[in-house]
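*Asks:* One structure is given below, represented as structure tokens, and several questions about it will come after.
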Amino acid sequence: MDPPRPGSLTAPHQDAAPAALEAAGVACRHCALPCPGSAEFCCPGCETAYAIVTGQGLESYYDRRSLAPDVRALRPDGAGEREIPDLEALARQDRRGVWSIDLMIDGLHCAACVWLIESVLARDPAVTWARVNVTTRRLRLSWTGAASHANDLAERVAALGYRVAPFDAAALDSAAAQHDRQLFRALAVTGFAASNIMLLSVAVWAGAVQDMGPATRGLMHWISALIAVPAVLYGGRP
């Protein structure tokens with residue numbers, strides 16, 4: 001019996017709306033995006049990734065994963081399209097002869113992605129440690145044998161559809177700092193808008209007791225709306 005088909009025709013995706021998936025009729029077994037014609041896979045990369053997952057008995061990943069509409073679909077590149085830097089020079093060897101490296105993983109959706117990566121790497125008898133931090137997107141990897149095996153392990157992760165690069169703490173801190181600045185600006189704008197709208201609301205409430213005219217009350221409401229609209233547009237998308 002064939003394993004259950006991952007995804008559904010109504011699952012949300014960034015690159016395809018549910019209507020488009022229904023029109024296509026067939027969803028890719030790996031990424032669940034529309035397939036051309038009656039094909040089971042949308043591209044050779046997905047076919048390879050599906051073979052890796054099912055070949056190692058990890059098909060429960062497709063039931064565990066959670067695909068958010070604002071995250072790109074897990075769609076692997078072809079073998080000739082993947083760009084993985086040479087990692088051999090970055091590997092570190094301890095006194096026991098065990099090699100280790102820190103990698104950055106892009107494309108993580110949920111805990112199921114962490115489980116899949118760790119499980120695939122754990123199947124390699126040379127791997128002694130493989131842990132992914134979903135918050136920092138950091139993969140800590142240790143193995144025995146040759147330093148060049150780091151490239152093979154990274155290629156295995158990339159074949160599943162994830163982007164692999166050397167872990168750069170400075171770049172990660174810079175991105176986090178930039179995101180924090182965006183959040184702070186959004187908070188400042190929305191806080192300023194909320195305080196002014198509250199003051200206008202107090203005036204409207206007071207006017208209800210002091211016989212404020214309908215024209216003045218309507219003007220207060222329109223001013224509040226003018227302040228609220230840009231605050232929602234800017235503060236809601238930091």
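Ordering of the structure tokens sets the chain letters (A, B, ...); residue numbers start at 1 within each chain; ligands are numbered from 1 in the order shown.
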Find the spatial neighbours of segment 94-104 of chain A, counting only C-alpha atoms, within a cut-off of 6 Å - ignore same-chain residues fewer than 3 positions away - and output them as number ranges by chain.

*Replies:* A: 91, 137-144, 164-167

*Asks:* Near segment 106-113 of chain A, within 6 Å and counting only C-alpha atoms, which residues show up once chain neighbours fewer than 4 positions away are dropped, as a PyMOL selection string?

*Replies:* chain A and resi 64-65+162-163

*Asks:* Determine, counting only C-alpha atoms, which protein, DNA and RNA residues have an atom within 10 Å of an atom of Ile197 of chain A; residues of the same chain fewer than 3 positions away are not included. Present the result as a list in words.

*Replies:* Gly191, Phe192, Ala193, Ala194, Leu200, Ser201, Val202, Ala203, Met220, His221, Ile223, Ser224, Ala225, Leu226, Ile227 and Ala228 of chain A

*Asks:* Only C-alpha atoms, please: the residues just picked out, written as a JSON list (two decimals), in the first residue's frame.

*Replies:*
[["chain", "number", "residue", "atom", "x", "y", "z"],
["A", 191, "GLY", "CA", 1.56, 53.96, 21.13],
["A", 192, "PHE", "CA", 1.56, 57.59, 19.97],
["A", 193, "ALA", "CA", -1.57, 56.98, 17.90],
["A", 194, "ALA", "CA", -3.39, 55.16, 20.70],
["A", 200, "LEU", "CA", -10.03, 62.49, 21.37],
["A", 201, "SER", "CA", -12.35, 59.82, 22.82],
["A", 202, "VAL", "CA", -12.31, 61.59, 26.20],
["A", 203, "ALA", "CA", -13.34, 64.79, 24.44],
["A", 220, "MET", "CA", -13.51, 64.01, 16.30],
["A", 221, "HIS", "CA", -14.34, 60.55, 14.95],
["A", 223, "ILE", "CA", -9.63, 62.66, 13.14],
["A", 224, "SER", "CA", -9.40, 59.47, 15.23],
["A", 225, "ALA", "CA", -9.84, 57.37, 12.09],
["A", 226, "LEU", "CA", -7.13, 59.33, 10.25],
["A", 227, "ILE", "CA", -4.72, 58.66, 13.12],
["A", 228, "ALA", "CA", -5.69, 54.99, 13.42]]

*Asks:* Go through A:Gln182, A:Ser66, A:Asn151, A:Gln93 one by one, measure the shortest atom-to-atom distance of each to Ala32 of chain A using only C-alpha atoms, and give the residue with the smallest value.

*Replies:*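 For Ala32 of chain A, the nearest of the given residues is A:Ser66.
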
*Asks:* Name the closest residue to Ser119 of chain A among the candidates A:Ser60, A:Thr190, A:Gln178, A:Thr48; distances are taken between atoms, counting only C-alpha atoms.

*Replies:*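 Going through A:Ser60, A:Thr190, A:Gln178, A:Thr48 one by one, the smallest distance to Ser119 of chain A is for A:Ser60.
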
*Asks:* Quick one, how far is atom CA of Leu116 of chain A from atom CA of Ser148 of chain A?

*Replies:*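 It comes out at 22.7 Å.
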
*Asks:* Show which residues sit within 12 Å of Asp124 of chain A, as an NGL selection string. Count only C-alpha atoms, and ignore same-chain residues fewer than 2 positions away.

*Replies:* :A and (56 or 117-122 or 126-130 or 141-145 or 149-150 or 152-153 or 156)
